[in-house]
Amino acid sequence: MHATTTAEDTLRAASAMRRRRVVAVVLGVVLLAALALASLLVGSGRLSTAEAWRLLFTDDGGPDGLIVREYRVPRTLLAIAVGIALGLSGAIIQAITRNPLADPGILGVNAGAYTAVVFAAAWLGSSLTGAHIAFSLAGALVAALVVYGIGTTGPAGGTPTKLVLTGTAFGAVLTGISFAVTLTQPEVFDRVRFWAAGSLQNRQFDTLWAVLPFIVVGAAIALVLPRALNALALGDDVAVALGSRPAVTKLAGVTAVTLLCGAATAAAGPIAFVGLMVPHALRSIVGPDQRWILPLCLIAAPVLMLAADILGRVAVSSELPAGVVTAFLGAPVLIALTRRRGARGL
Amino acid sequence: MKGQLHWPTAIRPVRLGGFSGRLEVRAAWWTAAAALAALALGLFSVTIGSSGLGFGDLLAALSGRADDVTARILLEWRLPRIVFALLGGAALAVAGAVFQSITRNPLGSPDIIGFSTGAYTGALLVSLAAAGSALGTALGALAGGLLTGAAVYLLAYRRGVSGMRIIVVGIGVSLFLGAFNTWLLTVLRVEQAISAASWGAGSLADISWAHTVPVVVSTLVGIPLVLLLAADMRMLEMGDDAGRGLGVGAEAVRLRMLIIAIAMLAIVTAAAGPIAFVALAAPQLAMRVTGTPGVRVLPAAAFGALLLTASDLVARTIIAPEQLPVGVVTLSVGGAYLVWLLASFGRKAR
């Protein structure tokens, strides 16, 4: 009798989980479509929604049409691409470090990319859309390796808090150094300060095309990883026993994170918390299985990014950068997570 | 406390005689040496600059025998800056020592847990609202630092405040405010933004007596108060309950120490901007050099004074005639120290 009940419970739980996953996918797609549309139609300017809708398809040669087609369309696509990049890299970092507080922004990866771009802008005079992607990628890679190396050394492999501390500290140092570099050059400072807040404003198709290949390759690597990441979640030894190779998984993971974060930061500046929030939200809805979490990042992370971008446009008269909005939304999430984990010795 | 960073940071009772007694004597000598070195470096620093004035000119100016220009350069421009570096460094270090004692963590510094960011936010908001007088900026930074401190404390409070929780909550709050600050910088006009940003990098370039006097007062009042409260903290070593039996409430003592530390920190920050990592590095540096088992207030103060005076000298001379913000120097020194500190956790762990 008892055994049957347990089996029934398991079956019921499984079917409930299946239902929730289906609902999550459907709801996610609907939300994504709605927000993408809103992103095209809603702006900080005086352009009406109906007018924007008309101008989306008809070119009347006026400046308003240019705003919709040459700015809002790439901006929307870029929000989706950047969201995907940040969400996926957050999920991967959390899986590899087995650290629920991990996020490319908190761990200093974005700061690495940012600093490298500032150096490029200050010393090579590169524009903020072209040649600096290589710098951004290199900066992301170096920061990821340094923070991961320092944050996880030790017999116990390091604690979540130690990794967060390393990331924050290293990020603070990098940001400070780049600050010093820009302070001596007012025109670089002026250019970089808007980008530093993490904004999608005034991005055109050239930015999108420049970063898209890296995001596509990074996402492709990320999407073959779920099985290996699931194995890794059981610990390196068990992963080996299951026929997975933890070292290869981690290498692939770091490669994906570098490509994704480097490209996202090059396009939109350093944006924190998207990579923290999205995997957490997904875990609480669809469970810890990476075969669901990673693909769902493709839907959920752009939803968050678009929402932040749109919110920033309508919230105040002079646009609030998306990176500021995500920080406003994400910091309370981090604090809530910390308080909840408080019971378990954090 | 398992799984945390293992580092001896608690304030321990001062034992007389035996091994730990010798440790404290060694600490006293090192503290005096550091304080003297800071003072000597400060005096040397007064004579450094483009106008070729020497130590004799300083003596002449102090006794009123120098000409007006020399007296003004030395007494109105350079001297306040040096006094500020000496006492401001001490104040930052003492504030850091308090934070590290309370969080029982060498990384529990105001930089890491967001107080400096909060002070910056306050100052930025004031400079955005008003034209930004020195007093207004100071009050804004003070309010910002205190509000942020209160917010972090309350958010981390859950049947007491654990060290790690206050740090991670502080990081969350500081990322929040950091994003806000970055946005405020985009709202300002570019000249305004640059001056706010260079204040934000921590600079002693425009320090006058008006900035220095509050620091002198807060340091002279704050350090004795912290020493007094540290004695109460030692009674709590036997545990919060035993302390309560002796009439000392653990949370009350911690709260008072925090408020004093934040006030000292905010007064320095208001004038010079957030100077990175002195609060983090000086108490730890003092602890290692003096060989005390935990952070101590007076050694921390001496090493803080030395650290900031030396950093300011470097900031003034390294790319002369241009000046770097001193915060950039402390950031580089402190950053290198921090990376070493974090890397050595791995080796030190049991």
# chains A, B, ... in the order shown; residues from 1 in each chain; ligands from 1
>>> interface_residues(of="chain A", to="chain B", cutoff="6 Å", atoms="only C-alpha atoms", output="JSON, numbers by chain")
{"A": [150, 153, 154, 173, 194, 197, 324, 327, 328, 331, 335, 346]}
>>> write_last_selection(atoms="N, CA and C atoms", output="PDB file, in the first residue's frame")
ATOM      1  N   ILE A 150      41.467  32.038  -8.731  1.00  0.00           N
ATOM      2  CA  ILE A 150      41.664  32.459  -7.340  1.00  0.00           C
ATOM      3  C   ILE A 150      40.498  32.010  -6.468  1.00  0.00           C
ATOM      4  N   THR A 153      40.548  27.921  -5.757  1.00  0.00           N
ATOM      5  CA  THR A 153      41.698  27.161  -5.272  1.00  0.00           C
ATOM      6  C   THR A 153      41.481  26.795  -3.803  1.00  0.00           C
ATOM      7  N   GLY A 154      42.164  25.777  -3.386  1.00  0.00           N
ATOM      8  CA  GLY A 154      42.027  25.330  -2.004  1.00  0.00           C
ATOM      9  C   GLY A 154      41.436  23.947  -1.949  1.00  0.00           C
ATOM     10  N   VAL A 173      38.680  46.514  -8.740  1.00  0.00           N
ATOM     11  CA  VAL A 173      40.014  46.965  -9.136  1.00  0.00           C
ATOM     12  C   VAL A 173      40.035  47.331 -10.618  1.00  0.00           C
ATOM     13  N   PHE A 194      28.467  56.609 -21.067  1.00  0.00           N
ATOM     14  CA  PHE A 194      27.144  56.158 -21.458  1.00  0.00           C
ATOM     15  C   PHE A 194      27.120  54.651 -21.641  1.00  0.00           C
ATOM     16  N   ALA A 197      27.143  52.351 -18.327  1.00  0.00           N
ATOM     17  CA  ALA A 197      25.927  52.108 -17.563  1.00  0.00           C
ATOM     18  C   ALA A 197      25.168  50.891 -18.076  1.00  0.00           C
ATOM     19  N   VAL A 324      21.138  49.638 -15.550  1.00  0.00           N
ATOM     20  CA  VAL A 324      20.711  50.208 -14.276  1.00  0.00           C
ATOM     21  C   VAL A 324      19.419  49.541 -13.819  1.00  0.00           C
ATOM     22  N   ALA A 327      20.062  46.107 -12.522  1.00  0.00           N
ATOM     23  CA  ALA A 327      20.663  46.170 -11.186  1.00  0.00           C
ATOM     24  C   ALA A 327      19.596  46.473 -10.137  1.00  0.00           C
ATOM     25  N   PHE A 328      18.663  47.369 -10.487  1.00  0.00           N
ATOM     26  CA  PHE A 328      17.575  47.687  -9.564  1.00  0.00           C
ATOM     27  C   PHE A 328      16.716  46.460  -9.296  1.00  0.00           C
ATOM     28  N   ALA A 331      19.447  43.345  -7.616  1.00  0.00           N
ATOM     29  CA  ALA A 331      20.050  43.437  -6.283  1.00  0.00           C
ATOM     30  C   ALA A 331      19.106  42.901  -5.199  1.00  0.00           C
ATOM     31  N   ILE A 335      19.869  39.809  -2.585  1.00  0.00           N
ATOM     32  CA  ILE A 335      19.722  39.943  -1.139  1.00  0.00           C
ATOM     33  C   ILE A 335      18.735  38.906  -0.609  1.00  0.00           C
ATOM     34  N   LEU A 346      25.262  30.717   5.571  1.00  0.00           N
ATOM     35  CA  LEU A 346      25.958  31.753   4.799  1.00  0.00           C
ATOM     36  C   LEU A 346      26.231  32.947   5.697  1.00  0.00           C
TER      37      LEU A 346
END
>>> select_by_dssp(residues="stretch 11-235 of chain A", states="helix (DSSP H, G or I)", output="NGL selection string")
:A and (11-41 or 49-57 or 63-97 or 109-124 or 132-152 or 160-183 or 186-196 or 205-223 or 226-232)
>>> residues_around(residues="stretch 37-53 of chain A", least_positions_apart="3", cutoff="12 Å", atoms="only C-alpha atoms", output="JSON, numbers by chain")
{"A": [30, 31, 32, 33, 34, 56, 57, 58, 59, 60, 62, 63, 64, 65, 66, 67, 68, 69, 70, 71, 72, 73, 74, 75, 76, 77, 78, 79, 80, 200, 201, 302, 303, 305, 306, 307, 308, 309, 310, 311, 312, 313, 314, 315, 316, 317, 318, 319, 320, 321]}
>>> atom_distance(atom1="atom CA of A:Thr115", atom2="atom CA of A:Ile93")
20.6 Å
>>> atom_distance(atom1="atom CA of A:Asn110", atom2="atom CA of A:Thr338")
21.9 Å
>>> residues_around(residues="A:Ser244", least_positions_apart="3", cutoff="7 Å", atoms="only C-alpha atoms", output="list in words")
Ala228, Ala231, Ala239 and Val240 of chain A
>>> write_last_selection(atoms="N, CA and C atoms", output="mmCIF file, in the first residue's frame")
data_model
loop_
_atom_site.group_PDB
_atom_site.id
_atom_site.type_symbol
_atom_site.label_atom_id
_atom_site.label_comp_id
_atom_site.auth_asym_id
_atom_site.auth_seq_id
_atom_site.Cartn_x
_atom_site.Cartn_y
_atom_site.Cartn_z
ATOM 1 N N ALA A 228 26.266 17.218 -19.843
ATOM 2 C CA ALA A 228 27.546 17.236 -19.117
ATOM 3 C C ALA A 228 27.429 18.076 -17.841
ATOM 4 N N ALA A 231 25.729 16.104 -15.191
ATOM 5 C CA ALA A 231 26.664 15.152 -14.582
ATOM 6 C C ALA A 231 27.580 15.875 -13.597
ATOM 7 N N ALA A 239 30.722 12.479 -12.057
ATOM 8 C CA ALA A 239 30.679 12.826 -13.473
ATOM 9 C C ALA A 239 31.589 11.913 -14.274
ATOM 10 N N VAL A 240 32.783 11.653 -13.758
ATOM 11 C CA VAL A 240 33.712 10.738 -14.440
ATOM 12 C C VAL A 240 33.108 9.350 -14.519
#
>>> atom_distance(atom1="atom CA of B:Arg296", atom2="atom CA of B:Trp209")
29.3 Å
>>> residues_around(residues="B:Thr219", least_positions_apart="4", cutoff="10 Å", atoms="only C-alpha atoms", output="mmCIF file with N, CA, C and O atoms, in the first residue's frame")
data_model
loop_
_atom_site.group_PDB
_atom_site.id
_atom_site.type_symbol
_atom_site.label_atom_id
_atom_site.label_comp_id
_atom_site.auth_asym_id
_atom_site.auth_seq_id
_atom_site.Cartn_x
_atom_site.Cartn_y
_atom_site.Cartn_z
ATOM 1 N N LEU B 87 45.784 61.789 9.165
ATOM 2 C CA LEU B 87 44.646 61.475 10.029
ATOM 3 C C LEU B 87 43.523 60.769 9.267
ATOM 4 O O LEU B 87 42.851 59.898 9.816
ATOM 5 N N GLY B 88 43.335 61.152 8.003
ATOM 6 C CA GLY B 88 42.322 60.482 7.191
ATOM 7 C C GLY B 88 42.671 59.012 7.006
ATOM 8 O O GLY B 88 41.800 58.143 7.084
ATOM 9 N N GLY B 89 43.961 58.743 6.758
ATOM 10 C CA GLY B 89 44.395 57.351 6.632
ATOM 11 C C GLY B 89 44.127 56.585 7.908
ATOM 12 O O GLY B 89 43.635 55.446 7.882
ATOM 13 N N ALA B 90 44.416 57.235 9.056
ATOM 14 C CA ALA B 90 44.162 56.586 10.341
ATOM 15 C C ALA B 90 42.670 56.321 10.517
ATOM 16 O O ALA B 90 42.253 55.234 10.935
ATOM 17 N N ALA B 91 41.847 57.316 10.169
ATOM 18 C CA ALA B 91 40.397 57.165 10.333
ATOM 19 C C ALA B 91 39.856 56.033 9.473
ATOM 20 O O ALA B 91 39.064 55.200 9.929
ATOM 21 N N LEU B 92 40.297 55.984 8.206
ATOM 22 C CA LEU B 92 39.840 54.915 7.311
ATOM 23 C C LEU B 92 40.232 53.553 7.880
ATOM 24 O O LEU B 92 39.437 52.607 7.882
ATOM 25 N N VAL B 94 40.904 52.688 10.997
ATOM 26 C CA VAL B 94 40.156 52.336 12.208
ATOM 27 C C VAL B 94 38.746 51.877 11.830
ATOM 28 O O VAL B 94 38.233 50.882 12.350
ATOM 29 N N VAL B 213 39.889 70.064 9.127
ATOM 30 C CA VAL B 213 39.473 70.221 10.526
ATOM 31 C C VAL B 213 38.442 69.168 10.965
ATOM 32 O O VAL B 213 38.613 68.538 12.017
ATOM 33 N N PRO B 214 37.374 68.921 10.157
ATOM 34 C CA PRO B 214 36.435 67.870 10.581
ATOM 35 C C PRO B 214 37.106 66.511 10.752
ATOM 36 O O PRO B 214 36.743 65.741 11.647
ATOM 37 N N VAL B 215 38.094 66.219 9.877
ATOM 38 C CA VAL B 215 38.778 64.930 9.980
ATOM 39 C C VAL B 215 39.594 64.863 11.270
ATOM 40 O O VAL B 215 39.606 63.841 11.963
ATOM 41 N N ILE B 223 38.637 57.684 17.648
ATOM 42 C CA ILE B 223 39.537 56.596 18.026
ATOM 43 C C ILE B 223 39.414 56.232 19.507
ATOM 44 O O ILE B 223 39.280 55.046 19.831
ATOM 45 N N PRO B 224 39.384 57.219 20.429
ATOM 46 C CA PRO B 224 39.182 56.840 21.839
ATOM 47 C C PRO B 224 37.852 56.122 22.068
ATOM 48 O O PRO B 224 37.791 55.156 22.824
ATOM 49 N N LEU B 225 36.797 56.574 21.389
ATOM 50 C CA LEU B 225 35.494 55.927 21.552
ATOM 51 C C LEU B 225 35.547 54.470 21.094
ATOM 52 O O LEU B 225 35.017 53.574 21.756
ATOM 53 N N ALA B 263 30.685 57.157 10.576
ATOM 54 C CA ALA B 263 30.834 58.603 10.635
ATOM 55 C C ALA B 263 32.267 59.021 10.289
ATOM 56 O O ALA B 263 32.485 59.940 9.483
ATOM 57 N N MET B 264 33.267 58.308 10.848
ATOM 58 C CA MET B 264 34.665 58.624 10.531
ATOM 59 C C MET B 264 34.937 58.453 9.039
ATOM 60 O O MET B 264 35.574 59.279 8.388
ATOM 61 N N LEU B 265 34.406 57.361 8.517
ATOM 62 C CA LEU B 265 34.580 57.044 7.102
ATOM 63 C C LEU B 265 33.942 58.106 6.214
ATOM 64 O O LEU B 265 34.541 58.583 5.247
ATOM 65 N N ILE B 267 33.180 61.212 6.840
ATOM 66 C CA ILE B 267 33.790 62.546 6.880
ATOM 67 C C ILE B 267 35.024 62.601 5.972
ATOM 68 O O ILE B 267 35.233 63.570 5.247
ATOM 69 N N VAL B 268 35.810 61.525 5.981
ATOM 70 C CA VAL B 268 36.952 61.465 5.059
ATOM 71 C C VAL B 268 36.459 61.410 3.619
ATOM 72 O O VAL B 268 36.936 62.134 2.745
ATOM 73 N N ALA B 301 45.533 52.188 12.902
ATOM 74 C CA ALA B 301 45.559 53.632 12.667
ATOM 75 C C ALA B 301 46.926 54.077 12.160
ATOM 76 O O ALA B 301 47.038 54.835 11.186
#
>>> closest_residue(among="A:Val142, A:Ala102, A:Val181, A:Leu35", to="A:Leu86", atoms="only C-alpha atoms")
A:Ala102
